[in-house]
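Below: one structure, written as structure tokens.
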Amino acid sequence: MMLYLMDIWDSVRGFMASGGDVLWLVAVVLFLMWVLMLERYWYLNWVSPKQHKAIIAAWEQRTDTTSWYAHRIREAWVSQAKQDLTARMLIIKTLVAVCPMIGLLGTVTGMISVFDVMAVHGTSNARMMAAGISMATMPTMAGMVAALSGVFFSARLDAKMKISLEKLKDSLSHH
């Protein structure tokens with residue numbers, strides 16, 4: 001098992017080395033994005049249902065549910081639930097949008113290294129040029145893959161949050 005993990009680590013290190021330092025930045029942004037998305041999934045599935053039940057119970061205990069004041073209280077509770085649900089979603093969406101930009105930064109830095117090789121060694125050293133081109137394309141690919149995973153899962157998370165909020169609104173309006 002330990003040998004297998006070391007083999008995986010060597011593969012990851014080799015991939016990261018072929019993409020340059022910018023690839024580590026993509027990895028950090030991707031890790032942060034997924035930590036935040038997993039936290040939001042956890043909140044959505046385990047914390048918010050309990051909070052929504054507490055809001056519904058508090059609404060059902062009210063004797064006045066039809067006055068203007070009661071409707072403002074209901075709106076405030078729904079607004080607070082929405083704010084709690086959508087917390088950190090802007091950060092997640094920003095990280096998703098930043099991933100391809102970091103990949104493009106890798107493209108630029110990789111192409112600069114290709115041009116440096118060409119300036120020093122001319123166009124005859126194909127091996128050194130290929131390393132620079134690899135360094136240019138790897139971060140771009142990694143940034144795009146990171147962004148695609150983030151777009152898909154953040155959109156699903158957003159949809160689930162909207163459904164959860166609509167269920168809360170429906171539960172409060174029927175009582």
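Labeling convention for the structure tokens: chains A, B, ... as they appear, residues from 1 per chain, ligands from 1 in order of appearance.
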
*What lies within 9 Å of A:Leu95 using only C-alpha atoms, ignoring chain neighbours under 6 positions off, as a PyMOL selection string?*
chain A and resi 29-30+32-33+147+150

*Restricting the calculation to only C-alpha atoms, which member of A:Gly19, A:Leu168, A:Ile73, A:Leu148 is positioned closest to A:Ala54?*
A:Leu168

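Comparing the minimum interatomic distances between A:Gly103 and each of A:Gly20, A:His52, A:Gly122, A:Leu85, counting only C-alpha atoms, we find that A:Gly20 sits nearest.
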
*asked:* So, with only C-alpha atoms as the atoms that count, which of A:Ser79, A:Ser11, A:Ser113, A:Ser173 lies closest to A:Thr65?
replied: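 Among the listed residues, the smallest separation from A:Thr65 belongs to A:Ser173.
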
*If you measure from atom CA of A:Tyr4 to atom CA of A:Thr137, what distance in Å do you get, rounded to one decimal?*
27.9 Å

*Given the choices A:Met138, A:Met89, A:Val78, A:Val35, which gets closest to A:Phe15 if the distance is worked out from only C-alpha atoms?*
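Nearest to A:Phe15: A:Met138.
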
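Residue nearest A:Met161, chosen from A:Met16, A:Leu44, A:Leu5, A:Met129 and counting only C-alpha atoms: A:Leu44.
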
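Closest to A:Gly143 among A:Ile163, A:Ile102, A:Phe31, A:Ala97 is A:Ile102, based on only C-alpha atoms.
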
*Would you kindly return, as a list of chain:residue names, each protein, DNA or RNA residue with an atom no farther than 10 Å from any atom of A:Glu166, considering only C-alpha atoms and excluding same-chain residues fewer than 6 positions away?*
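My list of contacting residues is A:Val78, A:Lys82, A:Lys160, A:Leu172.
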
*A:Leu23 surroundings by only C-alpha atoms, 12 Å radius, close-in-sequence under 5 positions cut, as an NGL selection string*: :A and (12-18 or 28-30 or 99-107 or 109-110 or 134-144 or 146)

Taking N, CA, C and O atoms for each residue, export the selection above as a CSV table (one decimal), in the first residue's frame.
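Once written, out-v9.csv looks like this:
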```csv
chain,number,residue,atom,x,y,z
A,12,VAL,N,2.1,12.3,-9.6
A,12,VAL,CA,1.6,13.7,-9.3
A,12,VAL,C,2.7,14.7,-9.4
A,12,VAL,O,2.6,15.8,-10.1
A,13,ARG,N,3.8,14.4,-8.8
A,13,ARG,CA,5.0,15.3,-8.8
A,13,ARG,C,5.5,15.5,-10.2
A,13,ARG,O,5.9,16.6,-10.6
A,14,GLY,N,5.5,14.4,-11.0
A,14,GLY,CA,6.0,14.5,-12.4
A,14,GLY,C,5.0,15.4,-13.2
A,14,GLY,O,5.5,16.2,-14.0
A,15,PHE,N,3.7,15.2,-13.0
A,15,PHE,CA,2.7,16.0,-13.7
A,15,PHE,C,2.9,17.5,-13.3
A,15,PHE,O,2.9,18.4,-14.2
A,16,MET,N,3.1,17.7,-12.1
A,16,MET,CA,3.2,19.1,-11.6
A,16,MET,C,4.5,19.8,-12.1
A,16,MET,O,4.5,20.9,-12.5
A,17,ALA,N,5.6,19.0,-12.2
A,17,ALA,CA,6.8,19.5,-12.7
A,17,ALA,C,6.7,19.8,-14.2
A,17,ALA,O,7.3,20.8,-14.7
A,18,SER,N,6.0,19.0,-14.9
A,18,SER,CA,5.8,19.3,-16.4
A,18,SER,C,5.0,20.5,-16.7
A,18,SER,O,5.1,21.1,-17.8
A,28,VAL,N,-4.0,24.6,-5.8
A,28,VAL,CA,-4.4,25.3,-4.5
A,28,VAL,C,-5.8,25.9,-4.7
A,28,VAL,O,-6.7,25.7,-3.8
A,29,VAL,N,-6.1,26.5,-5.8
A,29,VAL,CA,-7.4,27.1,-6.1
A,29,VAL,C,-8.4,26.0,-6.2
A,29,VAL,O,-9.5,26.1,-5.6
A,30,LEU,N,-8.1,24.9,-6.9
A,30,LEU,CA,-9.0,23.8,-7.0
A,30,LEU,C,-9.3,23.2,-5.6
A,30,LEU,O,-10.5,22.9,-5.3
A,99,CYS,N,-10.1,29.8,-12.3
A,99,CYS,CA,-9.3,28.6,-12.7
A,99,CYS,C,-8.8,28.7,-14.2
A,99,CYS,O,-7.6,28.5,-14.4
A,100,PRO,N,-9.6,29.0,-15.2
A,100,PRO,CA,-9.1,29.1,-16.5
A,100,PRO,C,-8.1,30.3,-16.7
A,100,PRO,O,-7.2,30.2,-17.5
A,101,MET,N,-8.3,31.4,-15.9
A,101,MET,CA,-7.4,32.5,-16.0
A,101,MET,C,-6.0,32.1,-15.5
A,101,MET,O,-5.0,32.5,-16.1
A,102,ILE,N,-6.0,31.3,-14.4
A,102,ILE,CA,-4.7,30.9,-13.9
A,102,ILE,C,-4.0,29.9,-15.0
A,102,ILE,O,-2.8,30.0,-15.2
A,103,GLY,N,-4.8,29.1,-15.6
A,103,GLY,CA,-4.3,28.3,-16.7
A,103,GLY,C,-3.7,29.1,-17.8
A,103,GLY,O,-2.7,28.7,-18.3
A,104,LEU,N,-4.4,30.2,-18.2
A,104,LEU,CA,-3.8,31.1,-19.2
A,104,LEU,C,-2.5,31.7,-18.7
A,104,LEU,O,-1.6,31.9,-19.6
A,105,LEU,N,-2.4,32.0,-17.5
A,105,LEU,CA,-1.2,32.5,-16.9
A,105,LEU,C,-0.1,31.5,-17.1
A,105,LEU,O,1.1,31.8,-17.5
A,106,GLY,N,-0.4,30.2,-16.9
A,106,GLY,CA,0.6,29.1,-17.2
A,106,GLY,C,1.0,29.1,-18.7
A,106,GLY,O,2.1,28.8,-19.0
A,107,THR,N,0.0,29.3,-19.5
A,107,THR,CA,0.3,29.3,-21.0
A,107,THR,C,1.3,30.5,-21.3
A,107,THR,O,2.3,30.2,-22.0
A,109,THR,N,3.4,32.0,-19.2
A,109,THR,CA,4.8,31.7,-18.6
A,109,THR,C,5.5,30.6,-19.4
A,109,THR,O,6.7,30.7,-19.6
A,110,GLY,N,4.7,29.6,-19.8
A,110,GLY,CA,5.3,28.5,-20.6
A,110,GLY,C,5.9,29.0,-21.9
A,110,GLY,O,6.9,28.6,-22.4
A,134,SER,N,5.1,22.1,-23.3
A,134,SER,CA,4.4,21.3,-22.3
A,134,SER,C,4.0,22.1,-21.1
A,134,SER,O,2.9,22.0,-20.6
A,135,MET,N,5.0,22.9,-20.7
A,135,MET,CA,4.7,23.8,-19.5
A,135,MET,C,3.6,24.8,-19.8
A,135,MET,O,2.9,25.2,-18.9
A,136,ALA,N,3.5,25.1,-21.1
A,136,ALA,CA,2.4,26.1,-21.5
A,136,ALA,C,1.1,25.4,-21.6
A,136,ALA,O,0.1,26.0,-21.2
A,137,THR,N,1.0,24.2,-22.0
A,137,THR,CA,-0.3,23.6,-22.2
A,137,THR,C,-0.9,22.9,-21.0
A,137,THR,O,-2.1,22.8,-20.8
A,138,MET,N,0.0,22.4,-20.1
A,138,MET,CA,-0.5,21.6,-18.9
A,138,MET,C,-1.4,22.5,-18.0
A,138,MET,O,-2.4,22.1,-17.6
A,139,PRO,N,-0.9,23.7,-17.6
A,139,PRO,CA,-1.7,24.5,-16.8
A,139,PRO,C,-3.1,24.9,-17.4
A,139,PRO,O,-4.1,25.0,-16.7
A,140,THR,N,-3.0,25.2,-18.7
A,140,THR,CA,-4.3,25.5,-19.4
A,140,THR,C,-5.3,24.4,-19.3
A,140,THR,O,-6.5,24.6,-18.9
A,141,MET,N,-4.8,23.2,-19.6
A,141,MET,CA,-5.7,22.0,-19.5
A,141,MET,C,-6.2,21.8,-18.0
A,141,MET,O,-7.4,21.6,-17.8
A,142,ALA,N,-5.3,21.9,-17.1
A,142,ALA,CA,-5.7,21.7,-15.7
A,142,ALA,C,-6.7,22.8,-15.2
A,142,ALA,O,-7.6,22.5,-14.5
A,143,GLY,N,-6.4,24.1,-15.7
A,143,GLY,CA,-7.4,25.1,-15.3
A,143,GLY,C,-8.7,24.9,-15.9
A,143,GLY,O,-9.8,25.2,-15.2
A,144,MET,N,-8.8,24.4,-17.1
A,144,MET,CA,-10.1,24.1,-17.8
A,144,MET,C,-10.8,23.0,-17.1
A,144,MET,O,-12.0,23.1,-16.8
A,146,ALA,N,-10.4,22.0,-14.0
A,146,ALA,CA,-10.8,22.4,-12.7
A,146,ALA,C,-12.1,23.3,-12.8
A,146,ALA,O,-13.0,23.1,-12.0
```

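Rounded to one decimal, atom CA of A:Trp68 and atom CA of A:Lys169 lie 16.5 Å from each other.
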
_DSSP alpha helix (DSSP H) residues within stretch 54-131 of chain A, listed as a ChimeraX atom specification_ = /A:54-61,68-86,89-121,126-131
